[in-house]
>>> print(open('coords18.txt').read())   # compact mmCIF, N, CA and C atoms
# COMPACT_ATOMS: atom_id res chain seq x y z
N MET A 1200 0.84 -1.18 0.00
CA MET A 1200 0.00 0.00 0.00
C MET A 1200 0.88 1.23 0.00
N ARG A 1201 0.53 2.21 -0.81
CA ARG A 1201 1.31 3.44 -0.91
C ARG A 1201 1.19 4.26 0.36
N THR A 1202 2.26 4.97 0.69
CA THR A 1202 2.26 5.85 1.85
C THR A 1202 1.15 6.88 1.75
N ALA A 1203 0.89 7.39 0.56
CA ALA A 1203 -0.13 8.41 0.36
C ALA A 1203 -1.49 7.93 0.84
N ASN A 1204 -1.76 6.66 0.74
CA ASN A 1204 -3.04 6.14 1.17
C ASN A 1204 -3.16 6.08 2.69
N LEU A 1205 -2.05 6.22 3.40
CA LEU A 1205 -2.05 6.14 4.85
C LEU A 1205 -2.02 7.51 5.52
N LEU A 1206 -1.90 8.58 4.75
CA LEU A 1206 -1.81 9.91 5.32
C LEU A 1206 -3.13 10.33 5.93
N GLU A 1207 -3.05 11.01 7.06
CA GLU A 1207 -4.26 11.48 7.71
C GLU A 1207 -4.68 12.81 7.11
N CYS A 1208 -5.99 12.95 6.92
CA CYS A 1208 -6.57 14.19 6.42
C CYS A 1208 -7.71 14.56 7.34
N GLY A 1209 -8.13 15.80 7.29
CA GLY A 1209 -9.28 16.21 8.07
C GLY A 1209 -9.04 17.53 8.76
N PRO A 1210 -10.02 17.99 9.53
CA PRO A 1210 -9.95 19.30 10.17
C PRO A 1210 -8.73 19.48 11.08
N SER A 1211 -8.33 18.44 11.79
CA SER A 1211 -7.20 18.58 12.72
C SER A 1211 -5.87 18.74 12.00
N THR A 1212 -5.77 18.25 10.77
CA THR A 1212 -4.52 18.36 10.02
C THR A 1212 -4.50 19.55 9.08
N GLY A 1213 -5.66 20.11 8.80
CA GLY A 1213 -5.74 21.21 7.85
C GLY A 1213 -5.72 20.75 6.41
N LEU A 1214 -5.78 19.43 6.19
CA LEU A 1214 -5.72 18.88 4.85
C LEU A 1214 -7.04 18.27 4.44
N GLN A 1215 -7.37 18.45 3.19
CA GLN A 1215 -8.52 17.79 2.61
C GLN A 1215 -8.00 16.61 1.81
N PRO A 1216 -8.76 15.52 1.74
CA PRO A 1216 -8.29 14.38 0.94
C PRO A 1216 -8.11 14.75 -0.52
N VAL A 1217 -7.06 14.23 -1.13
CA VAL A 1217 -6.83 14.41 -2.56
C VAL A 1217 -7.16 13.09 -3.22
N SER A 1218 -8.09 13.10 -4.13
CA SER A 1218 -8.54 11.88 -4.77
C SER A 1218 -7.48 11.31 -5.68
N GLU A 1219 -7.28 10.01 -5.61
CA GLU A 1219 -6.38 9.34 -6.54
C GLU A 1219 -6.95 9.38 -7.95
N GLN A 1220 -8.27 9.56 -8.06
CA GLN A 1220 -8.92 9.59 -9.37
C GLN A 1220 -8.78 10.95 -10.03
N GLN A 1221 -8.41 11.96 -9.25
CA GLN A 1221 -8.29 13.32 -9.79
C GLN A 1221 -7.22 13.34 -10.86
N SER A 1222 -7.57 13.79 -12.04
CA SER A 1222 -6.63 13.79 -13.16
C SER A 1222 -5.99 15.15 -13.31
N GLY A 1223 -4.67 15.17 -13.51
CA GLY A 1223 -3.98 16.43 -13.74
C GLY A 1223 -4.50 17.15 -14.96
N ALA A 1224 -5.01 16.38 -15.94
CA ALA A 1224 -5.52 16.99 -17.16
C ALA A 1224 -6.75 17.84 -16.87
N GLN A 1225 -7.47 17.52 -15.79
CA GLN A 1225 -8.67 18.29 -15.44
C GLN A 1225 -8.33 19.46 -14.53
N GLY A 1226 -7.10 19.49 -14.00
CA GLY A 1226 -6.72 20.54 -13.06
C GLY A 1226 -6.77 21.91 -13.68
N PRO A 1227 -6.88 22.91 -12.85
CA PRO A 1227 -6.99 24.28 -13.37
C PRO A 1227 -5.70 24.78 -14.02
N PHE A 1228 -5.91 25.57 -15.03
CA PHE A 1228 -4.80 26.22 -15.71
C PHE A 1228 -4.63 27.60 -15.10
N LEU A 1229 -3.39 28.02 -14.90
CA LEU A 1229 -3.13 29.36 -14.39
C LEU A 1229 -3.18 30.35 -15.54
N SER A 1230 -3.33 31.61 -15.19
CA SER A 1230 -3.46 32.62 -16.22
C SER A 1230 -2.17 32.73 -17.04
N PRO A 1231 -2.32 33.00 -18.33
CA PRO A 1231 -1.14 33.09 -19.21
C PRO A 1231 -0.11 34.11 -18.76
N HIS A 1232 -0.56 35.22 -18.13
CA HIS A 1232 0.43 36.22 -17.71
C HIS A 1232 1.30 35.69 -16.57
N LEU A 1233 0.76 34.83 -15.70
CA LEU A 1233 1.59 34.22 -14.65
C LEU A 1233 2.63 33.27 -15.26
N ILE A 1234 2.19 32.51 -16.24
CA ILE A 1234 3.11 31.58 -16.92
C ILE A 1234 4.19 32.35 -17.67
N ALA A 1235 3.81 33.44 -18.31
CA ALA A 1235 4.76 34.25 -19.08
C ALA A 1235 5.84 34.85 -18.18
N GLU A 1236 5.53 35.06 -16.90
CA GLU A 1236 6.52 35.61 -15.97
C GLU A 1236 7.59 34.60 -15.58
N CYS A 1237 7.33 33.33 -15.82
CA CYS A 1237 8.31 32.28 -15.49
C CYS A 1237 9.45 32.32 -16.51
N LYS A 1238 10.64 32.53 -16.03
CA LYS A 1238 11.82 32.58 -16.90
C LYS A 1238 12.52 31.22 -16.98
N THR A 1239 12.30 30.38 -15.96
CA THR A 1239 12.97 29.09 -15.91
C THR A 1239 11.99 28.00 -15.48
N PHE A 1240 12.39 26.75 -15.68
CA PHE A 1240 11.63 25.60 -15.23
C PHE A 1240 11.44 25.68 -13.71
N ARG A 1241 12.48 26.11 -13.01
CA ARG A 1241 12.42 26.26 -11.55
C ARG A 1241 11.34 27.27 -11.15
N ASP A 1242 11.22 28.37 -11.90
CA ASP A 1242 10.17 29.36 -11.64
C ASP A 1242 8.78 28.73 -11.79
N ALA A 1243 8.62 27.89 -12.82
CA ALA A 1243 7.34 27.24 -13.06
C ALA A 1243 7.00 26.28 -11.92
N CYS A 1244 7.98 25.56 -11.43
CA CYS A 1244 7.75 24.65 -10.30
C CYS A 1244 7.35 25.42 -9.05
N ALA A 1245 8.04 26.53 -8.79
CA ALA A 1245 7.70 27.37 -7.63
C ALA A 1245 6.29 27.95 -7.79
N LEU A 1246 5.94 28.38 -8.99
CA LEU A 1246 4.60 28.91 -9.25
C LEU A 1246 3.54 27.85 -9.00
N ALA A 1247 3.79 26.63 -9.46
CA ALA A 1247 2.85 25.54 -9.24
C ALA A 1247 2.65 25.30 -7.75
N TRP A 1248 3.72 25.34 -6.99
CA TRP A 1248 3.63 25.15 -5.54
C TRP A 1248 2.85 26.30 -4.89
N GLU A 1249 3.13 27.53 -5.28
CA GLU A 1249 2.46 28.69 -4.69
C GLU A 1249 0.96 28.66 -4.95
N HIS A 1250 0.55 28.08 -6.07
CA HIS A 1250 -0.86 28.05 -6.46
C HIS A 1250 -1.50 26.68 -6.26
N ARG A 1251 -0.94 25.89 -5.35
CA ARG A 1251 -1.52 24.57 -5.08
C ARG A 1251 -2.96 24.72 -4.59
N ALA A 1252 -3.79 23.76 -4.96
CA ALA A 1252 -5.21 23.81 -4.63
C ALA A 1252 -5.43 23.71 -3.13
N ASN A 1253 -4.61 22.97 -2.44
CA ASN A 1253 -4.76 22.77 -1.01
C ASN A 1253 -3.59 23.46 -0.31
N GLN A 1254 -3.81 24.64 0.22
CA GLN A 1254 -2.73 25.40 0.85
C GLN A 1254 -2.20 24.74 2.11
N GLY A 1255 -2.93 23.76 2.66
CA GLY A 1255 -2.46 23.02 3.82
C GLY A 1255 -1.49 21.91 3.47
N LEU A 1256 -1.32 21.65 2.18
CA LEU A 1256 -0.42 20.61 1.71
C LEU A 1256 1.02 20.99 2.01
N THR A 1257 1.76 20.07 2.61
CA THR A 1257 3.18 20.32 2.88
C THR A 1257 4.02 19.62 1.82
N LYS A 1258 5.27 20.01 1.73
CA LYS A 1258 6.17 19.37 0.76
C LYS A 1258 6.41 17.91 1.13
N GLN A 1259 6.38 17.61 2.41
CA GLN A 1259 6.54 16.23 2.87
C GLN A 1259 5.37 15.36 2.38
N ILE A 1260 4.16 15.88 2.49
CA ILE A 1260 2.98 15.12 2.04
C ILE A 1260 2.96 15.04 0.52
N LEU A 1261 3.32 16.13 -0.15
CA LEU A 1261 3.43 16.10 -1.61
C LEU A 1261 4.40 15.00 -2.04
N ALA A 1262 5.53 14.91 -1.36
CA ALA A 1262 6.53 13.90 -1.69
C ALA A 1262 5.93 12.50 -1.58
N ALA A 1263 5.17 12.25 -0.53
CA ALA A 1263 4.56 10.93 -0.34
C ALA A 1263 3.51 10.65 -1.41
N MET A 1264 2.70 11.65 -1.74
CA MET A 1264 1.61 11.43 -2.69
C MET A 1264 2.08 11.37 -4.14
N ALA A 1265 3.19 12.04 -4.44
CA ALA A 1265 3.71 12.05 -5.82
C ALA A 1265 4.91 11.12 -5.98
N ASP A 1266 5.20 10.35 -4.96
CA ASP A 1266 6.29 9.38 -4.99
C ASP A 1266 7.64 10.06 -5.29
N LEU A 1267 7.91 11.14 -4.55
CA LEU A 1267 9.19 11.86 -4.65
C LEU A 1267 10.04 11.51 -3.43
N TYR A 1268 11.33 11.73 -3.52
CA TYR A 1268 12.17 11.59 -2.35
C TYR A 1268 11.85 12.77 -1.42
N PRO A 1269 11.42 12.50 -0.19
CA PRO A 1269 11.05 13.62 0.71
C PRO A 1269 12.19 14.60 0.93
N SER A 1270 13.42 14.12 1.01
CA SER A 1270 14.55 15.01 1.25
C SER A 1270 14.87 15.89 0.05
N HIS A 1271 14.38 15.52 -1.13
CA HIS A 1271 14.63 16.31 -2.34
C HIS A 1271 13.51 17.29 -2.64
N SER A 1272 12.33 17.03 -2.11
CA SER A 1272 11.15 17.81 -2.52
C SER A 1272 11.28 19.30 -2.20
N SER A 1273 11.99 19.64 -1.15
CA SER A 1273 12.19 21.06 -0.83
C SER A 1273 12.98 21.77 -1.93
N ASP A 1274 13.97 21.08 -2.50
CA ASP A 1274 14.78 21.65 -3.58
C ASP A 1274 13.96 21.98 -4.81
N TYR A 1275 13.02 21.11 -5.15
CA TYR A 1275 12.29 21.23 -6.40
C TYR A 1275 11.48 22.53 -6.54
N PHE A 1276 11.06 23.11 -5.42
CA PHE A 1276 10.13 24.23 -5.48
C PHE A 1276 10.71 25.56 -5.01
N HIS A 1277 12.03 25.65 -4.96
CA HIS A 1277 12.71 26.92 -4.67
C HIS A 1277 13.04 27.62 -5.97
N ARG A 1278 12.89 28.94 -6.00
CA ARG A 1278 13.23 29.71 -7.20
C ARG A 1278 14.75 29.85 -7.37
N GLU A 1279 15.48 29.84 -6.26
CA GLU A 1279 16.94 30.00 -6.33
C GLU A 1279 17.57 28.67 -6.74
N LYS A 1280 18.57 28.74 -7.64
CA LYS A 1280 19.22 27.54 -8.14
C LYS A 1280 20.18 26.93 -7.13
N THR A 1281 20.65 27.74 -6.18
CA THR A 1281 21.60 27.24 -5.19
C THR A 1281 21.05 27.47 -3.79
N ASN A 1282 21.51 26.65 -2.84
CA ASN A 1282 21.08 26.83 -1.46
C ASN A 1282 22.00 27.83 -0.76
N ALA A 1283 21.78 28.02 0.54
CA ALA A 1283 22.55 29.01 1.29
C ALA A 1283 24.04 28.69 1.32
N ASN A 1284 24.38 27.44 1.13
CA ASN A 1284 25.80 27.03 1.13
C ASN A 1284 26.42 27.07 -0.26
N GLY A 1285 25.65 27.50 -1.26
CA GLY A 1285 26.16 27.59 -2.61
C GLY A 1285 26.05 26.30 -3.41
N LYS A 1286 25.45 25.27 -2.83
CA LYS A 1286 25.29 24.00 -3.54
C LYS A 1286 24.07 24.06 -4.45
N PRO A 1287 24.17 23.47 -5.64
CA PRO A 1287 23.02 23.50 -6.56
C PRO A 1287 21.84 22.69 -6.03
N ARG A 1288 20.64 23.22 -6.26
CA ARG A 1288 19.42 22.50 -5.87
C ARG A 1288 19.05 21.53 -6.99
N ARG A 1289 18.38 20.46 -6.63
CA ARG A 1289 17.91 19.48 -7.61
C ARG A 1289 16.71 20.03 -8.37
N ASP A 1290 16.56 19.58 -9.62
CA ASP A 1290 15.38 19.91 -10.43
C ASP A 1290 14.38 18.77 -10.35
N LEU A 1291 13.12 19.10 -10.44
CA LEU A 1291 12.06 18.10 -10.47
C LEU A 1291 12.26 17.20 -11.68
N PRO A 1292 12.32 15.87 -11.48
CA PRO A 1292 12.48 14.97 -12.62
C PRO A 1292 11.27 15.05 -13.56
N ALA A 1293 11.53 15.01 -14.85
CA ALA A 1293 10.46 15.12 -15.86
C ALA A 1293 9.39 14.06 -15.67
N GLU A 1294 9.79 12.85 -15.29
CA GLU A 1294 8.80 11.78 -15.17
C GLU A 1294 7.87 11.97 -13.97
N LYS A 1295 8.14 12.94 -13.12
CA LYS A 1295 7.29 13.20 -11.95
C LYS A 1295 6.34 14.38 -12.15
N ILE A 1296 6.44 15.08 -13.27
CA ILE A 1296 5.62 16.28 -13.50
C ILE A 1296 4.13 15.98 -13.40
N ALA A 1297 3.65 14.95 -14.07
CA ALA A 1297 2.21 14.64 -14.06
C ALA A 1297 1.72 14.32 -12.66
N ASP A 1298 2.49 13.54 -11.90
CA ASP A 1298 2.09 13.21 -10.53
C ASP A 1298 2.06 14.45 -9.64
N VAL A 1299 3.07 15.30 -9.77
CA VAL A 1299 3.13 16.53 -8.97
C VAL A 1299 1.94 17.43 -9.32
N GLU A 1300 1.65 17.58 -10.60
CA GLU A 1300 0.52 18.43 -11.00
C GLU A 1300 -0.81 17.87 -10.50
N ARG A 1301 -0.94 16.56 -10.51
CA ARG A 1301 -2.17 15.94 -10.00
C ARG A 1301 -2.37 16.28 -8.53
N VAL A 1302 -1.31 16.18 -7.75
CA VAL A 1302 -1.41 16.44 -6.32
C VAL A 1302 -1.57 17.93 -6.04
N LEU A 1303 -0.83 18.77 -6.76
CA LEU A 1303 -0.94 20.22 -6.54
C LEU A 1303 -2.26 20.79 -7.04
N GLY A 1304 -2.86 20.14 -8.03
CA GLY A 1304 -4.14 20.61 -8.55
C GLY A 1304 -4.04 21.71 -9.57
N ASN A 1305 -2.87 21.86 -10.20
CA ASN A 1305 -2.75 22.85 -11.29
C ASN A 1305 -1.77 22.33 -12.33
N ARG A 1306 -1.77 22.97 -13.51
CA ARG A 1306 -0.94 22.54 -14.64
C ARG A 1306 0.15 23.55 -14.98
N ALA A 1307 0.59 24.32 -14.00
CA ALA A 1307 1.56 25.39 -14.26
C ALA A 1307 2.84 24.89 -14.94
N ILE A 1308 3.35 23.75 -14.52
CA ILE A 1308 4.61 23.25 -15.09
C ILE A 1308 4.42 22.87 -16.55
N SER A 1309 3.34 22.15 -16.85
CA SER A 1309 3.05 21.78 -18.24
C SER A 1309 2.77 23.01 -19.09
N GLN A 1310 2.07 23.98 -18.51
CA GLN A 1310 1.80 25.22 -19.25
C GLN A 1310 3.11 25.92 -19.61
N TYR A 1311 4.04 25.98 -18.66
CA TYR A 1311 5.33 26.61 -18.92
C TYR A 1311 6.07 25.87 -20.04
N LEU A 1312 6.10 24.55 -19.95
CA LEU A 1312 6.81 23.76 -20.96
C LEU A 1312 6.17 23.92 -22.34
N ALA A 1313 4.84 23.95 -22.38
CA ALA A 1313 4.15 24.13 -23.67
C ALA A 1313 4.44 25.51 -24.24
N ARG A 1314 4.42 26.52 -23.39
CA ARG A 1314 4.72 27.89 -23.85
C ARG A 1314 6.15 27.99 -24.35
N ARG A 1315 7.06 27.39 -23.63
CA ARG A 1315 8.47 27.41 -24.03
C ARG A 1315 8.66 26.69 -25.35
N ALA A 1316 8.02 25.55 -25.52
CA ALA A 1316 8.14 24.80 -26.78
C ALA A 1316 7.55 25.58 -27.94
N MET A 1317 6.42 26.23 -27.70
CA MET A 1317 5.78 27.00 -28.77
C MET A 1317 6.66 28.19 -29.16
N LEU A 1318 7.25 28.85 -28.18
CA LEU A 1318 8.14 29.97 -28.50
C LEU A 1318 9.34 29.48 -29.29
N THR A 1319 9.88 28.36 -28.92
CA THR A 1319 11.04 27.81 -29.63
C THR A 1319 10.66 27.46 -31.07
N LEU A 1320 9.51 26.84 -31.24
CA LEU A 1320 9.04 26.48 -32.57
C LEU A 1320 8.80 27.74 -33.41
N MET A 1321 8.18 28.74 -32.82
CA MET A 1321 7.91 29.98 -33.55
C MET A 1321 9.22 30.69 -33.92
N GLU A 1322 10.20 30.64 -33.04
CA GLU A 1322 11.50 31.24 -33.34
C GLU A 1322 12.14 30.55 -34.55
N GLU A 1323 12.00 29.24 -34.62
CA GLU A 1323 12.54 28.50 -35.76
C GLU A 1323 11.81 28.86 -37.05
N VAL A 1324 10.49 29.00 -36.97
CA VAL A 1324 9.70 29.35 -38.15
C VAL A 1324 10.10 30.74 -38.64
N ILE A 1325 10.22 31.68 -37.72
CA ILE A 1325 10.60 33.05 -38.08
C ILE A 1325 12.00 33.07 -38.70
N ALA A 1326 12.92 32.33 -38.09
CA ALA A 1326 14.29 32.28 -38.61
C ALA A 1326 14.32 31.67 -40.01
N ALA A 1327 13.54 30.61 -40.22
CA ALA A 1327 13.50 29.96 -41.53
C ALA A 1327 12.95 30.90 -42.60
N ARG A 1328 11.94 31.67 -42.25
CA ARG A 1328 11.34 32.62 -43.19
C ARG A 1328 12.28 33.78 -43.48
N THR A 1329 13.02 34.19 -42.48
CA THR A 1329 13.95 35.32 -42.63
C THR A 1329 15.15 34.92 -43.50
N HIS A 1330 15.67 33.72 -43.25
CA HIS A 1330 16.88 33.28 -43.95
C HIS A 1330 16.58 32.35 -45.13
N GLY A 1331 15.35 32.02 -45.31
CA GLY A 1331 15.03 31.03 -46.33
C GLY A 1331 14.52 31.66 -47.53
>>> encode(input="coords18.txt", output="structure tokens")
Amino acid sequence: MRTANLLECGPSTGLQPVSEQQSGAQGPFLSPHLIAECKTFRDACALAWEHRANQGLTKQILAAMADLYPSHSSDYFHREKTNANGKPRRDLPAEKIADVERVLGNRAISQYLARRAMLTLMEEVIAARTHG
């Protein structure tokens, strides 16, 4: 049995149950201007955390529900690339994006990646037309 299924929820914890059936694809999309303000993947991860559907959700519980290493989860959602000691922070693994978005209840990370891909594609189209 997954650890996420054993977590306590309710008024005393400040947490509401997160359904395993809840699909990240149905989760809310953040406004385009918030996504446009993200300059890096790390910014998008921090934005997703800031706009989580359940503000009582802790990074420890997110780690359990999204099958992340609990000791790494704090790194994933900081905007700064390095910690106070100057060591680089870990990036959220790509294969965990869907699980994290499902638990957080928003699609900010996918929105950022889609916007970035579209801008890259459009830059290539513009360059091809200019030089072609």
>>> atom_distance(input="coords18.txt", atom1="CA of His1250 (chain A)", atom2="CA of Asn1305 (chain A)")
7.3 Å
>>> select_by_dssp(input="coords18.txt", residues="region 1204-1331 of chain A", states="alpha helix (DSSP H)", output="PyMOL selection string")
chain A and resi 1231-1235+1240-1249+1258-1264+1269-1275+1296-1303+1307-1330
>>> axis_aligned_box(input="coords18.txt", around="region 1308-1327 of chain A", padding_each_side="3 Å", output="lines of an AutoDock Vina configuration file")
center_x = 8.1
center_y = 27.4
center_z = -28.6
size_x = 18.5
size_y = 17.3
size_z = 34.1
>>> closest_residue(input="coords18.txt", among="A:Leu1318, A:Leu1256, A:Leu1261, A:Cys1244", to="Leu1291 (chain A)", atoms="only N, CA and C atoms")
A:Cys1244
>>> closest_residue(input="coords18.txt", among="A:Ala1243, A:Asn1282, A:His1271, A:Leu1233", to="Ser1309 (chain A)", atoms="all atoms listed in the file")
A:Ala1243
>>> residues_near_point(input="coords18.txt", point="(8.3, 19.7, 1.9)", cutoff="9 Å", atoms="only C-alpha atoms", output="list in words")
Leu1256, Thr1257, Lys1258, Gln1259, Ile1260, Leu1261, Ala1262, Pro1269, Ser1270, His1271, Ser1272, Ser1273, Asp1274 and Phe1276 of chain A
>>> closest_residue(input="coords18.txt", among="A:Tyr1311, A:His1330, A:Glu1323, A:Leu1303", to="Asn1253 (chain A)", atoms="only C-alpha atoms")
A:Leu1303
>>> closest_residue(input="coords18.txt", among="A:His1232, A:Gly1285, A:Phe1240, A:Val1302", to="Ala1265 (chain A)", atoms="only N, CA and C atoms")
A:Val1302
>>> atom_distance(input="coords18.txt", atom1="atom C of Ala1293 (chain A)", atom2="atom N of Val1324 (chain A)")
26.0 Å
>>> closest_residue(input="coords18.txt", among="A:Ala1252, A:Leu1229, A:Ile1234, A:Leu1267", to="Gly1304 (chain A)", atoms="all atoms listed in the file")
A:Ala1252
>>> atom_distance(input="coords18.txt", atom1="atom N of Lys1238 (chain A)", atom2="CA of Arg1251 (chain A)")
18.2 Å
>>> decode(input="coords18.txt", residues="region 1280-1308 of chain A", atoms="N, CA and C atoms", output="PDB file, in the first residue's frame")
ATOM      1  N   LYS A1280      18.566  28.745  -7.635  1.00  0.00           N
ATOM      2  CA  LYS A1280      19.225  27.540  -8.137  1.00  0.00           C
ATOM      3  C   LYS A1280      20.183  26.935  -7.125  1.00  0.00           C
ATOM      4  N   THR A1281      20.648  27.737  -6.184  1.00  0.00           N
ATOM      5  CA  THR A1281      21.596  27.237  -5.192  1.00  0.00           C
ATOM      6  C   THR A1281      21.054  27.471  -3.789  1.00  0.00           C
ATOM      7  N   ASN A1282      21.513  26.647  -2.837  1.00  0.00           N
ATOM      8  CA  ASN A1282      21.084  26.826  -1.456  1.00  0.00           C
ATOM      9  C   ASN A1282      21.997  27.830  -0.757  1.00  0.00           C
ATOM     10  N   ALA A1283      21.780  28.016   0.537  1.00  0.00           N
ATOM     11  CA  ALA A1283      22.548  29.011   1.292  1.00  0.00           C
ATOM     12  C   ALA A1283      24.042  28.689   1.324  1.00  0.00           C
ATOM     13  N   ASN A1284      24.384  27.435   1.131  1.00  0.00           N
ATOM     14  CA  ASN A1284      25.798  27.026   1.126  1.00  0.00           C
ATOM     15  C   ASN A1284      26.417  27.071  -0.260  1.00  0.00           C
ATOM     16  N   GLY A1285      25.646  27.501  -1.255  1.00  0.00           N
ATOM     17  CA  GLY A1285      26.157  27.586  -2.611  1.00  0.00           C
ATOM     18  C   GLY A1285      26.053  26.297  -3.411  1.00  0.00           C
ATOM     19  N   LYS A1286      25.447  25.274  -2.830  1.00  0.00           N
ATOM     20  CA  LYS A1286      25.293  24.000  -3.543  1.00  0.00           C
ATOM     21  C   LYS A1286      24.071  24.065  -4.452  1.00  0.00           C
ATOM     22  N   PRO A1287      24.169  23.465  -5.639  1.00  0.00           N
ATOM     23  CA  PRO A1287      23.021  23.504  -6.560  1.00  0.00           C
ATOM     24  C   PRO A1287      21.843  22.691  -6.028  1.00  0.00           C
ATOM     25  N   ARG A1288      20.644  23.222  -6.256  1.00  0.00           N
ATOM     26  CA  ARG A1288      19.424  22.504  -5.871  1.00  0.00           C
ATOM     27  C   ARG A1288      19.053  21.535  -6.988  1.00  0.00           C
ATOM     28  N   ARG A1289      18.377  20.465  -6.631  1.00  0.00           N
ATOM     29  CA  ARG A1289      17.908  19.481  -7.608  1.00  0.00           C
ATOM     30  C   ARG A1289      16.710  20.028  -8.370  1.00  0.00           C
ATOM     31  N   ASP A1290      16.556  19.580  -9.625  1.00  0.00           N
ATOM     32  CA  ASP A1290      15.384  19.913 -10.433  1.00  0.00           C
ATOM     33  C   ASP A1290      14.384  18.769 -10.350  1.00  0.00           C
ATOM     34  N   LEU A1291      13.116  19.104 -10.439  1.00  0.00           N
ATOM     35  CA  LEU A1291      12.057  18.102 -10.465  1.00  0.00           C
ATOM     36  C   LEU A1291      12.261  17.202 -11.676  1.00  0.00           C
ATOM     37  N   PRO A1292      12.316  15.875 -11.479  1.00  0.00           N
ATOM     38  CA  PRO A1292      12.481  14.973 -12.623  1.00  0.00           C
ATOM     39  C   PRO A1292      11.272  15.046 -13.559  1.00  0.00           C
ATOM     40  N   ALA A1293      11.529  15.009 -14.851  1.00  0.00           N
ATOM     41  CA  ALA A1293      10.461  15.123 -15.858  1.00  0.00           C
ATOM     42  C   ALA A1293       9.390  14.062 -15.673  1.00  0.00           C
ATOM     43  N   GLU A1294       9.790  12.850 -15.292  1.00  0.00           N
ATOM     44  CA  GLU A1294       8.802  11.777 -15.165  1.00  0.00           C
ATOM     45  C   GLU A1294       7.868  11.966 -13.971  1.00  0.00           C
ATOM     46  N   LYS A1295       8.140  12.944 -13.118  1.00  0.00           N
ATOM     47  CA  LYS A1295       7.289  13.199 -11.950  1.00  0.00           C
ATOM     48  C   LYS A1295       6.339  14.382 -12.148  1.00  0.00           C
ATOM     49  N   ILE A1296       6.436  15.083 -13.270  1.00  0.00           N
ATOM     50  CA  ILE A1296       5.620  16.277 -13.498  1.00  0.00           C
ATOM     51  C   ILE A1296       4.128  15.981 -13.401  1.00  0.00           C
ATOM     52  N   ALA A1297       3.648  14.949 -14.072  1.00  0.00           N
ATOM     53  CA  ALA A1297       2.207  14.638 -14.065  1.00  0.00           C
ATOM     54  C   ALA A1297       1.721  14.316 -12.656  1.00  0.00           C
ATOM     55  N   ASP A1298       2.493  13.544 -11.896  1.00  0.00           N
ATOM     56  CA  ASP A1298       2.091  13.208 -10.528  1.00  0.00           C
ATOM     57  C   ASP A1298       2.062  14.446  -9.641  1.00  0.00           C
ATOM     58  N   VAL A1299       3.069  15.297  -9.770  1.00  0.00           N
ATOM     59  CA  VAL A1299       3.127  16.530  -8.972  1.00  0.00           C
ATOM     60  C   VAL A1299       1.941  17.430  -9.317  1.00  0.00           C
ATOM     61  N   GLU A1300       1.647  17.584 -10.601  1.00  0.00           N
ATOM     62  CA  GLU A1300       0.524  18.433 -11.003  1.00  0.00           C
ATOM     63  C   GLU A1300      -0.807  17.869 -10.496  1.00  0.00           C
ATOM     64  N   ARG A1301      -0.942  16.560 -10.505  1.00  0.00           N
ATOM     65  CA  ARG A1301      -2.174  15.938 -10.002  1.00  0.00           C
ATOM     66  C   ARG A1301      -2.366  16.276  -8.534  1.00  0.00           C
ATOM     67  N   VAL A1302      -1.311  16.178  -7.750  1.00  0.00           N
ATOM     68  CA  VAL A1302      -1.409  16.438  -6.321  1.00  0.00           C
ATOM     69  C   VAL A1302      -1.575  17.928  -6.039  1.00  0.00           C
ATOM     70  N   LEU A1303      -0.833  18.772  -6.759  1.00  0.00           N
ATOM     71  CA  LEU A1303      -0.943  20.222  -6.536  1.00  0.00           C
ATOM     72  C   LEU A1303      -2.258  20.787  -7.042  1.00  0.00           C
ATOM     73  N   GLY A1304      -2.858  20.143  -8.032  1.00  0.00           N
ATOM     74  CA  GLY A1304      -4.144  20.607  -8.548  1.00  0.00           C
ATOM     75  C   GLY A1304      -4.037  21.715  -9.574  1.00  0.00           C
ATOM     76  N   ASN A1305      -2.873  21.865 -10.202  1.00  0.00           N
ATOM     77  CA  ASN A1305      -2.750  22.848 -11.294  1.00  0.00           C
ATOM     78  C   ASN A1305      -1.765  22.331 -12.334  1.00  0.00           C
ATOM     79  N   ARG A1306      -1.770  22.971 -13.506  1.00  0.00           N
ATOM     80  CA  ARG A1306      -0.941  22.538 -14.637  1.00  0.00           C
ATOM     81  C   ARG A1306       0.145  23.551 -14.981  1.00  0.00           C
ATOM     82  N   ALA A1307       0.592  24.316 -14.003  1.00  0.00           N
ATOM     83  CA  ALA A1307       1.560  25.387 -14.260  1.00  0.00           C
ATOM     84  C   ALA A1307       2.840  24.890 -14.936  1.00  0.00           C
ATOM     85  N   ILE A1308       3.349  23.746 -14.520  1.00  0.00           N
ATOM     86  CA  ILE A1308       4.607  23.250 -15.088  1.00  0.00           C
ATOM     87  C   ILE A1308       4.416  22.868 -16.553  1.00  0.00           C
TER      88      ILE A1308
END
